[in-house]
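> Next comes final01.txt, compact mmCIF, C-alpha atoms:
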```
# COMPACT_ATOMS: atom_id res chain seq x y z
CA MET H 1 99.95 135.59 86.48
CA ASN H 2 100.09 131.92 87.49
CA LYS H 3 97.80 129.52 85.67
CA ALA H 4 95.77 127.05 87.74
CA SER H 5 96.54 123.39 87.24
CA ILE H 6 94.00 121.20 85.44
CA PHE H 7 92.85 117.86 86.91
CA ALA H 8 90.96 115.16 85.01
CA THR H 9 89.53 112.11 86.81
CA PHE H 10 88.42 108.69 85.62
CA GLY H 11 86.78 105.86 87.53
CA CYS H 12 85.48 105.42 91.04
CA ARG H 13 84.44 107.73 93.84
CA LEU H 14 87.71 107.00 95.65
CA ASN H 15 89.65 108.27 92.64
CA ALA H 16 87.56 111.44 92.66
CA TYR H 17 88.30 111.81 96.38
CA GLU H 18 92.02 111.45 95.72
CA THR H 19 91.90 114.02 92.94
CA GLU H 20 90.57 116.51 95.49
CA ALA H 21 93.45 115.56 97.78
CA MET H 22 95.95 116.11 94.94
CA LYS H 23 94.44 119.53 94.26
CA GLU H 24 95.05 120.45 97.90
CA LEU H 25 98.59 119.02 97.94
CA SER H 26 99.57 120.74 94.69
CA ALA H 27 98.07 124.06 95.81
CA GLN H 28 99.89 123.90 99.14
CA ALA H 29 103.11 123.19 97.27
CA GLY H 30 102.53 126.08 94.88
CA LEU H 31 102.42 124.01 91.70
CA ASP H 32 100.82 125.98 88.87
CA GLY H 33 99.96 125.30 85.26
CA ALA H 34 100.27 121.50 85.28
CA VAL H 35 97.82 119.01 83.78
CA VAL H 36 97.15 115.95 85.96
CA VAL H 37 95.18 112.93 84.71
CA ASN H 38 94.02 110.47 87.38
CA THR H 39 93.37 107.19 85.54
CA CYS H 40 91.22 104.10 86.13
CA ALA H 41 92.27 100.52 85.36
CA VAL H 42 88.98 98.67 85.86
CA THR H 43 88.40 98.04 82.13
CA ALA H 44 90.36 98.29 78.89
CA GLU H 45 87.83 100.93 77.81
CA ALA H 46 88.77 103.08 80.82
CA VAL H 47 92.41 102.99 79.73
CA ARG H 48 91.50 103.83 76.13
CA SER H 49 89.36 106.78 77.27
CA SER H 50 92.16 108.14 79.45
CA LYS H 51 94.60 108.07 76.52
CA GLN H 52 92.08 109.96 74.40
CA ARG H 53 91.71 112.62 77.09
CA ILE H 54 95.48 112.93 77.48
CA ARG H 55 95.87 113.68 73.76
CA LYS H 56 93.06 116.25 73.91
CA LEU H 57 94.50 117.95 77.01
CA ARG H 58 97.93 118.10 75.38
CA ARG H 59 96.47 119.81 72.29
CA GLU H 60 94.68 122.32 74.52
CA ASN H 61 97.74 122.88 76.78
CA PRO H 62 100.82 122.46 74.56
CA ASN H 63 103.28 123.99 77.06
CA ALA H 64 102.01 122.44 80.31
CA LYS H 65 103.74 119.67 82.24
CA LEU H 66 101.40 116.68 81.79
CA ILE H 67 101.36 114.16 84.65
CA VAL H 68 99.54 110.81 84.54
CA THR H 69 98.71 108.95 87.74
CA GLY H 70 96.05 106.62 89.16
CA CYS H 71 95.39 102.89 88.92
CA ALA H 72 96.16 102.45 85.20
CA ALA H 73 99.40 104.39 85.63
CA GLN H 74 100.25 102.05 88.51
CA THR H 75 99.42 98.79 86.69
CA GLU H 76 100.73 99.63 83.22
CA PRO H 77 103.06 102.65 83.45
CA GLU H 78 104.76 101.82 80.14
CA THR H 79 101.44 102.40 78.31
CA TYR H 80 101.58 106.06 79.27
CA ALA H 81 105.37 106.47 79.27
CA GLN H 82 105.33 105.62 75.56
CA MET H 83 102.99 108.54 74.83
CA ASP H 84 104.79 111.64 73.55
CA GLU H 85 102.15 113.80 75.23
CA VAL H 86 103.11 112.61 78.73
CA ASP H 87 105.93 114.16 80.80
CA LEU H 88 105.66 112.07 83.98
CA VAL H 89 103.95 108.82 85.06
CA MET H 90 103.31 108.85 88.81
CA GLY H 91 102.19 105.89 90.94
CA ASN H 92 99.31 105.72 93.42
CA ILE H 93 101.71 105.95 96.36
CA GLU H 94 103.52 108.99 95.02
CA LYS H 95 100.38 110.96 94.12
CA MET H 96 99.29 111.12 97.78
CA GLN H 97 102.65 112.32 99.18
CA ALA H 98 103.24 115.99 99.88
CA ASP H 99 106.97 115.59 99.06
CA THR H 100 106.11 114.64 95.49
CA TRP H 101 104.17 117.84 94.88
CA ASN H 102 106.70 119.99 96.75
CA THR H 103 109.47 118.69 94.50
CA LEU H 104 107.41 119.27 91.34
CA ALA H 105 106.64 122.84 92.42
CA LYS H 106 110.10 123.87 93.65
CA GLU H 107 112.14 122.41 90.83
CA PRO H 108 110.52 123.45 87.54
CA ASP H 109 112.83 121.27 85.48
CA PHE H 110 112.38 118.25 87.74
CA ILE H 111 110.06 116.45 85.36
CA GLY H 112 112.35 116.94 82.40
CA ASP H 113 115.43 115.77 84.30
CA ALA H 114 113.84 112.89 86.20
CA GLU H 115 113.00 109.47 84.96
CA LYS H 116 109.69 109.59 83.17
CA VAL H 117 108.23 106.76 85.29
CA GLN H 118 108.02 107.14 89.07
CA VAL H 119 105.96 104.16 90.18
CA ASP H 120 106.96 102.21 93.29
CA ASP H 121 105.81 98.72 94.32
CA ILE H 122 102.27 99.25 95.61
CA MET H 123 102.34 95.87 97.39
CA SER H 124 105.04 97.19 99.74
CA VAL H 125 102.74 99.85 101.20
CA THR H 126 101.57 99.15 104.74
CA GLU H 127 100.58 102.59 106.07
CA THR H 128 96.90 103.27 106.59
CA ALA H 129 95.55 106.73 105.83
CA GLY H 130 96.66 108.75 102.91
CA HIS H 131 95.91 112.47 102.71
CA LEU H 132 92.70 113.27 104.58
CA ILE H 133 90.51 116.06 103.24
CA ASP H 134 87.51 117.75 104.78
CA GLY H 135 84.39 118.16 102.73
CA PHE H 136 84.86 116.61 99.31
CA GLY H 137 81.41 116.32 97.76
CA THR H 138 78.45 118.67 97.58
CA ARG H 139 77.73 121.32 100.18
CA ALA H 140 75.41 118.78 101.79
CA ARG H 141 77.30 115.48 101.54
CA ALA H 142 80.94 114.67 102.32
CA TYR H 143 83.01 111.57 101.57
CA VAL H 144 85.48 110.03 104.01
CA GLN H 145 88.02 107.42 102.92
CA VAL H 146 88.31 104.72 105.57
CA GLN H 147 90.13 102.01 103.61
CA ASN H 148 92.29 101.44 100.53
CA GLY H 149 93.52 98.39 98.64
CA CYS H 150 92.22 94.83 98.46
CA ASP H 151 93.47 91.44 99.70
CA HIS H 152 91.20 89.42 97.40
CA ARG H 153 92.21 88.24 93.95
CA CYS H 154 89.06 87.99 91.85
CA THR H 155 90.09 86.57 88.50
CA PHE H 156 88.69 89.48 86.44
CA CYS H 157 90.10 92.31 88.56
CA ILE H 158 93.32 94.28 88.13
CA ILE H 159 92.56 96.74 90.95
CA PRO H 160 94.63 95.07 93.75
CA TYR H 161 97.69 95.62 91.56
CA GLY H 162 96.79 99.30 91.27
CA ARG H 163 95.79 99.83 94.90
CA GLY H 164 97.90 97.29 96.80
CA ASN H 165 96.80 95.23 99.78
CA SER H 166 94.07 96.37 102.14
CA ARG H 167 94.96 99.18 104.57
CA SER H 168 92.56 100.69 107.09
CA VAL H 169 92.29 104.18 108.53
CA ALA H 170 92.15 103.98 112.34
CA ALA H 171 88.68 104.46 113.81
CA GLY H 172 89.77 107.42 115.93
CA VAL H 173 91.04 109.27 112.86
CA VAL H 174 87.78 108.62 111.01
CA VAL H 175 85.64 109.79 113.93
CA GLU H 176 87.64 113.01 114.36
CA GLN H 177 87.34 113.82 110.68
CA ILE H 178 83.58 113.25 110.72
CA LYS H 179 83.26 115.48 113.79
CA ARG H 180 85.03 118.25 111.85
CA LEU H 181 82.69 117.77 108.89
CA VAL H 182 79.60 117.94 111.10
CA ALA H 183 80.97 121.12 112.72
CA LYS H 184 81.25 122.59 109.21
CA GLY H 185 77.57 121.88 108.60
CA TYR H 186 77.59 118.64 106.62
CA LEU H 187 74.46 116.58 107.22
CA GLU H 188 75.54 113.39 105.47
CA VAL H 189 78.83 111.49 105.40
CA VAL H 190 79.61 108.62 103.04
CA LEU H 191 82.29 106.10 104.02
CA THR H 192 84.35 105.03 101.00
CA GLY H 193 87.05 102.49 100.21
CA VAL H 194 88.10 99.84 97.71
CA ASP H 195 87.00 96.81 99.77
CA MET H 196 84.98 98.31 102.60
CA THR H 197 84.15 95.10 104.45
CA SER H 198 87.85 94.33 104.91
CA TRP H 199 88.20 97.44 107.09
CA GLY H 200 89.99 96.70 110.36
CA ALA H 201 91.72 93.45 109.44
CA ASP H 202 95.14 95.16 109.62
CA LEU H 203 94.42 97.13 112.82
CA PRO H 204 95.06 96.06 116.43
CA MET H 205 92.30 93.73 117.71
CA GLN H 206 91.05 93.41 114.10
CA PRO H 207 87.78 95.33 114.45
CA LYS H 208 85.06 94.98 111.79
CA LEU H 209 83.32 97.56 109.61
CA GLY H 210 80.23 97.26 111.80
CA ASP H 211 82.30 98.27 114.83
CA LEU H 212 83.43 101.41 112.99
CA VAL H 213 79.89 102.28 111.89
CA GLN H 214 78.49 101.85 115.40
CA ARG H 215 81.35 103.86 116.88
CA ILE H 216 80.72 106.75 114.49
CA LEU H 217 76.99 106.80 115.27
CA ARG H 218 77.71 106.67 119.01
CA LEU H 219 80.48 109.28 119.13
CA VAL H 220 79.06 111.71 116.57
CA PRO H 221 75.44 112.03 117.74
CA ASP H 222 74.91 115.24 115.74
CA LEU H 223 75.49 113.50 112.39
CA PRO H 224 72.00 113.08 110.87
CA ARG H 225 72.92 110.69 108.04
CA LEU H 226 75.68 108.12 107.62
CA ARG H 227 75.99 106.15 104.41
CA ILE H 228 78.29 103.32 103.37
CA SER H 229 79.36 102.74 99.78
CA SER H 230 79.82 99.38 98.07
CA ILE H 231 80.13 96.31 100.30
CA ASP H 232 80.77 92.61 99.81
CA SER H 233 77.61 91.12 101.32
CA ILE H 234 79.22 87.80 102.29
CA GLU H 235 81.64 89.73 104.54
CA ALA H 236 79.02 91.84 106.30
CA ASP H 237 79.69 91.29 110.01
CA PRO H 238 77.00 90.95 112.72
CA ALA H 239 77.59 94.49 114.05
CA LEU H 240 77.13 95.95 110.56
CA ILE H 241 73.98 93.92 109.96
CA ASP H 242 72.64 95.04 113.34
CA ALA H 243 73.40 98.69 112.53
CA ILE H 244 71.66 98.49 109.16
CA ALA H 245 68.63 96.90 110.80
CA SER H 246 68.33 99.18 113.83
CA GLU H 247 70.12 102.50 113.30
CA HIS H 248 67.82 104.96 111.54
CA ARG H 249 70.74 107.35 110.93
CA LEU H 250 72.47 104.70 108.81
CA MET H 251 70.86 105.15 105.42
CA PRO H 252 68.82 102.24 103.94
CA HIS H 253 70.81 101.96 100.72
CA LEU H 254 73.41 99.28 100.00
CA HIS H 255 75.43 98.84 96.84
CA LEU H 256 76.43 95.18 96.65
CA SER H 257 79.43 93.69 94.88
CA LEU H 258 77.60 90.67 93.42
CA GLN H 259 79.16 90.41 89.91
CA ALA H 260 77.15 87.34 88.79
CA GLY H 261 74.20 85.14 89.68
CA ASP H 262 75.50 81.76 88.53
CA ASN H 263 77.46 79.57 90.94
CA MET H 264 79.92 78.22 88.37
CA ILE H 265 80.72 81.71 87.10
CA LEU H 266 81.09 82.96 90.69
CA LYS H 267 83.62 80.17 91.32
CA ARG H 268 85.53 81.03 88.16
CA MET H 269 85.53 84.66 89.24
CA LYS H 270 86.94 83.50 92.61
CA ARG H 271 84.15 85.22 94.46
CA ARG H 272 83.44 84.23 98.05
CA HIS H 273 79.64 83.91 97.90
CA SER H 274 77.08 81.74 96.11
CA ARG H 275 73.87 82.74 94.41
CA ASP H 276 71.89 81.55 97.43
CA ASP H 277 74.11 83.60 99.76
CA ALA H 278 73.26 86.78 97.84
CA ILE H 279 69.53 86.09 97.80
CA ALA H 280 69.46 85.18 101.50
CA PHE H 281 71.34 88.35 102.47
CA CYS H 282 68.96 90.58 100.51
CA GLU H 283 65.89 88.84 101.92
CA ASP H 284 67.16 88.96 105.51
CA MET H 285 68.12 92.62 105.33
CA ARG H 286 64.79 93.56 103.74
CA LYS H 287 62.92 91.80 106.57
CA ALA H 288 65.00 93.74 109.11
CA ARG H 289 64.83 97.05 107.19
CA PRO H 290 61.78 97.05 104.87
CA ASP H 291 62.70 100.37 103.23
CA ILE H 292 66.15 99.19 102.11
CA ILE H 293 67.16 99.82 98.48
CA TYR H 294 69.84 97.73 96.74
CA GLY H 295 72.26 98.60 93.99
CA ALA H 296 74.66 96.04 92.56
CA ASP H 297 77.57 95.47 90.19
CA ILE H 298 76.96 92.71 87.62
CA ILE H 299 79.32 91.62 84.84
CA ALA H 300 77.87 90.45 81.52
CA GLY H 301 79.74 87.98 79.33
CA PHE H 302 82.38 86.69 81.74
CA PRO H 303 84.58 84.04 80.03
CA THR H 304 82.84 80.63 79.62
CA GLU H 305 79.41 82.14 80.44
CA THR H 306 76.69 80.17 78.66
CA GLU H 307 73.21 81.48 77.96
CA GLU H 308 71.88 79.44 80.89
CA MET H 309 74.53 80.90 83.20
CA PHE H 310 73.66 84.41 82.03
CA GLU H 311 69.96 83.76 82.66
CA ASN H 312 70.86 83.03 86.29
CA SER H 313 72.45 86.47 86.56
CA LEU H 314 69.45 88.06 84.85
CA ARG H 315 67.03 86.39 87.30
CA LEU H 316 69.16 87.56 90.22
CA VAL H 317 67.97 91.12 89.58
CA GLU H 318 64.44 90.15 90.59
CA ASP H 319 65.38 87.40 93.06
CA CYS H 320 67.44 89.88 95.11
CA GLY H 321 65.11 92.82 94.49
CA LEU H 322 67.93 94.94 93.01
CA THR H 323 67.06 98.48 91.92
CA TRP H 324 70.15 100.34 90.75
CA LEU H 325 72.40 98.23 88.51
CA HIS H 326 75.96 98.98 87.44
CA VAL H 327 76.29 96.71 84.41
CA PHE H 328 79.81 95.97 83.17
CA PRO H 329 80.26 94.28 79.79
CA TYR H 330 83.22 91.96 80.47
CA SER H 331 86.52 93.42 79.32
CA ALA H 332 89.68 91.32 79.52
CA ARG H 333 92.45 92.91 81.55
CA GLU H 334 95.93 91.71 80.70
CA GLY H 335 97.60 90.13 83.71
CA THR H 336 94.40 88.68 85.19
CA PRO H 337 93.53 84.95 85.18
CA ALA H 338 90.19 85.60 83.45
CA ALA H 339 92.00 87.05 80.44
CA ARG H 340 93.45 83.57 79.82
CA MET H 341 90.05 81.84 79.96
CA PRO H 342 87.93 81.11 76.82
CA GLN H 343 86.43 84.46 75.85
CA ILE H 344 82.85 85.24 74.79
CA ASP H 345 82.08 86.93 71.46
CA ARG H 346 81.93 90.72 71.87
CA GLY H 347 78.53 90.90 70.20
CA ILE H 348 77.07 88.43 72.69
CA ILE H 349 78.60 90.38 75.59
CA LYS H 350 76.99 93.61 74.36
CA GLU H 351 73.63 91.92 73.89
CA ARG H 352 73.68 90.42 77.39
CA ALA H 353 74.70 93.74 78.93
CA ALA H 354 71.79 95.41 77.14
CA ARG H 355 69.34 92.82 78.53
CA LEU H 356 70.67 93.39 82.05
CA ARG H 357 70.23 97.15 81.65
CA VAL H 358 66.62 96.67 80.51
CA ALA H 359 65.97 94.54 83.60
CA GLY H 360 67.52 97.28 85.73
CA GLU H 361 65.38 99.96 84.08
CA ASP H 362 62.26 97.92 84.87
CA GLN H 363 63.30 97.70 88.52
CA VAL H 364 63.96 101.46 88.68
CA ARG H 365 60.53 102.14 87.19
CA LYS H 366 58.85 99.92 89.80
CA HIS H 367 60.74 101.65 92.59
CA LEU H 368 59.89 105.16 91.40
CA MET H 369 56.21 104.30 91.01
CA SER H 370 56.16 102.90 94.56
CA GLN H 371 57.29 106.29 95.87
CA LEU H 372 54.40 108.32 94.41
CA GLY H 373 52.49 110.09 97.18
CA GLN H 374 55.19 109.36 99.77
CA VAL H 375 56.71 112.16 101.91
CA PRO H 376 60.39 111.21 102.30
CA ASN H 377 63.24 113.06 104.01
CA ILE H 378 65.34 114.60 101.23
CA LEU H 379 68.85 116.03 101.52
CA ILE H 380 69.04 119.07 99.23
CA GLU H 381 72.18 119.07 97.03
CA ASN H 382 71.37 122.13 94.97
CA GLU H 383 68.32 124.40 94.62
CA ASN H 384 66.42 121.93 92.46
CA LYS H 385 67.82 118.52 93.39
CA GLY H 386 68.16 116.25 96.40
CA ARG H 387 68.27 112.59 97.43
CA THR H 388 66.07 110.46 99.62
CA GLU H 389 67.41 108.24 102.39
CA GLY H 390 67.38 105.41 99.80
CA PHE H 391 69.59 107.59 97.55
CA THR H 392 66.88 108.14 94.93
CA GLU H 393 67.30 111.45 93.13
CA VAL H 394 64.48 113.99 93.50
CA ASN H 395 63.87 116.99 91.26
CA PHE H 396 61.98 119.93 92.78
CA THR H 397 59.66 122.27 90.94
CA THR H 398 60.52 125.13 93.32
CA PRO H 399 63.91 126.22 94.81
CA GLN H 400 64.98 124.49 98.05
CA PRO H 401 67.47 125.36 100.84
CA VAL H 402 70.80 123.81 99.84
CA GLY H 403 72.40 121.60 102.48
CA GLN H 404 69.20 121.08 104.46
CA ILE H 405 67.00 118.02 104.96
CA VAL H 406 63.38 118.68 103.96
CA GLN H 407 60.20 116.64 103.77
CA ALA H 408 58.30 116.86 100.50
CA GLN H 409 55.53 114.92 98.83
CA ILE H 410 56.45 112.96 95.70
CA THR H 411 54.07 114.05 92.94
CA GLY H 412 55.56 112.33 89.88
CA CYS H 413 58.59 110.72 88.30
CA SER H 414 60.69 110.56 85.15
CA ASP H 415 62.61 107.48 83.95
CA THR H 416 65.26 107.86 86.66
CA GLN H 417 64.12 110.55 89.12
CA LEU H 418 61.31 111.45 91.46
CA ILE H 419 59.54 114.82 91.25
CA ALA H 420 58.49 116.80 94.32
```
Mind turning the file's structure into C-alpha cells?


Amino acid sequence: MNKASIFATFGCRLNAYETEAMKELSAQAGLDGAVVVNTCAVTAEAVRSSKQRIRKLRRENPNAKLIVTGCAAQTEPETYAQMDEVDLVMGNIEKMQADTWNTLAKEPDFIGDAEKVQVDDIMSVTETAGHLIDGFGTRARAYVQVQNGCDHRCTFCIIPYGRGNSRSVAAGVVVEQIKRLVAKGYLEVVLTGVDMTSWGADLPMQPKLGDLVQRILRLVPDLPRLRISSIDSIEADPALIDAIASEHRLMPHLHLSLQAGDNMILKRMKRRHSRDDAIAFCEDMRKARPDIIYGADIIAGFPTETEEMFENSLRLVEDCGLTWLHVFPYSAREGTPAARMPQIDRGIIKERAARLRVAGEDQVRKHLMSQLGQVPNILIENENKGRTEGFTEVNFTTPQPVGQIVQAQITGCSDTQLIA
C-alpha cells in the first residue's frame, strides 16, 4: 500500500497556499511517501525552526525521500544541502512546476542520482501565475494568489531574493477562478500575494490593485465577501481607496505593512512612507469607512534604533488606531544591508518587542469591549467559530451552520475573541 506524502509548512499564507498546490501536483504525479518541507526565510529563527523540523521528520521517516523547498531553500540552499537528513533542495520556481513532480514520481532514484541542489535564478522568472488551486482554506473562505515576488529592496528583507521580482496574475484569470469558487459555495475570497499593491505593474496598460478589486466585485456579483491581505498603504491607488470606502462587500479589515513609526528608521529601512503618511492614511480611511479595523507589521529593535525612535513606533499603535499587531523582534538576515548596520543588543530588542505586544493587547481589549452588544455578520468557519467582517474571531456557545453567514449578538469576550 502506498504511503501518503507528508508536507510541513513555515511562514506566510502564500507559502501555505503553495503547499496546497504542491500536494495537488505531487498527487497528480503519483508521488508517494515523500517528506516535503516548505521553508520561510523572513527571520533567522524561521530558518532555525525549519532545520529542527527537518531533523524530527527524518527521525520519524528514516526511509522517506526528504525534499526541502521554499524561500529559505531558495536564498540559502547550501544551508540545507549540508544537512545529512536532506535528499533534495528545490527552488521556489521548481516547486510549482508539474514536470518537477512528474520526474520525482516516475523515476524513484532520481533524487539519489541528481544533484542535491536544484535551485534556479529566481530573478529570471517573468511568468505570472503559478499553479492555481480552487478552495484552499476553510469550507467557508478561500484564498486566491494574485501576485508573487517584490520589486522593492527594504534593507531588512531577504524575501525578494526568495520570491524574485513582482509578477501579476492577469485579472481575467483571477475573476474566472473566483467565479469557480463561488459556484462551489465559498462565501468569502481573500486575495493574497507578496507585495499586493504592486499588482498590475507588469501587465499591459499597468492596471492597479483597485482596478482588480472593482472588476471582481462587478463581474462576480454573487460573491458576498471579498478580502485583501497585507498592503503597503503608501501605494494604495485611488480605485482601491474608493472601493474600501464604498463597497460593502469589500471587508473593512486592512493589514498594513508599516514596520516602524520613526522617520529616520523608515529611511534606513528604505521604506517609501513617512510616519505622517501612515497616520494620514489610517485617519482618512477611518473617516470614509468608520468600521474599519487595522492590523500592522512592526519591527522592534531595527539597527541604530534609539529609545526615542522606538517610542515613536510605540506611539504609532495609538496614533494609527492599530488593533492587530504582528510584532517582529529584529533578526539580521545575512545578505541584507541592515545586517551590516550597527546592531541593537538582543535583550533590548526582546524588551521592546514585549512592550509593543502589550500595546497591541491593550488595543485588542478596547476593540473587543467595543463590540459587546453588537449584532455583526459572522462567517462560520466551523461549528463553534466564525469571523466578523472586521476579521475578529467569534466563539459560539451553540453549534452553527458551517460555511454560512449568520447574525448573532455579542454577549462577551475573552482576551482575543468575541463570544456569541

> Can you measure CA of Asn312 (chain H) to CA of His253 (chain H) for me? One decimal in Å is fine.

23.8 Å

> Return the single residue from H:Thr100, H:Lys106, H:Glu389, H:Arg55 that is closest to Met83 (chain H), with distances computed using only C-alpha atoms.

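Closest to Met83 (chain H) of all the choices is H:Arg55.
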
> Pick the closest to Ala41 (chain H) from H:Glu18, H:Glu76, H:Glu283, H:Glu94: which is it, counting all atoms listed in the file?

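Once distances to Ala41 (chain H) are computed over all atoms listed in the file, the minimum belongs to H:Glu76.
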
> Using only C-alpha atoms, find the one residue out of H:Val117, H:Ala4, H:Met341, H:Ile292 that sits nearest to Glu78 (chain H).

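That would be H:Val117, the residue with the smallest distance to Glu78 (chain H).
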
> Tell me, as a list of chain:residue names, which residues lie within 6 Å of region 177-193 of chain H, counting all atoms listed in the file; anything in the same chain fewer than 5 positions away does not count.

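Counting all atoms listed in the file, the residues come to H:Ala140, H:Arg141, H:Ala142, H:Tyr143, H:Val144, H:Gln145, H:Val146, H:Gln147, H:Asn148, H:Pro224, H:Arg225, H:Leu226, H:Arg227, H:Ile228, H:Ser229.
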
> Can you measure CA of Ser168 (chain H) to CA of Thr155 (chain H) for me? One decimal in Å is fine.

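About the pair CA of Ser168 (chain H) and CA of Thr155 (chain H): they are 23.5 Å apart.
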
> Between H:Phe156, H:Asn102, H:Asp222, H:Gly390, single out the one closest to Arg340 (chain H), counting only C-alpha atoms.

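Closest to Arg340 (chain H) of all the choices is H:Phe156.
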
> Pull the closest atom pair for each residue of region 196-259 of chain H that gets at most 10 Å from region 273-279 of chain H, along with the distance in Å to one decimal, counting only C-alpha atoms, ordering rows by chain and then ascending residue number, as CSV.


```
residue,atom,partner,partner_atom,distance
H:Asp232,CA,H:His273,CA,9.0
H:Ser233,CA,H:Ala278,CA,7.1
H:Ile234,CA,H:His273,CA,5.9
H:Glu235,CA,H:His273,CA,9.1
H:Leu256,CA,H:Ala278,CA,9.1
H:Ser257,CA,H:Ala278,CA,9.7
H:Leu258,CA,H:Ala278,CA,7.3
```

> With a distance cut-off of 7 Å and all atoms listed in the file, select the neighbouring residues of region 381-383 of chain H, excluding the residue or stretch itself and same-chain residues fewer than 5 positions from it, and output the selection as a PyMOL selection string.

chain H and resi 138-140+399-403

> Quick one: of H:Ser246, H:Gln409, H:Ser230, H:Thr416, who's nearest to Leu217 (chain H), counting all atoms listed in the file?

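Under the stated criterion, the closest residue is H:Ser246.
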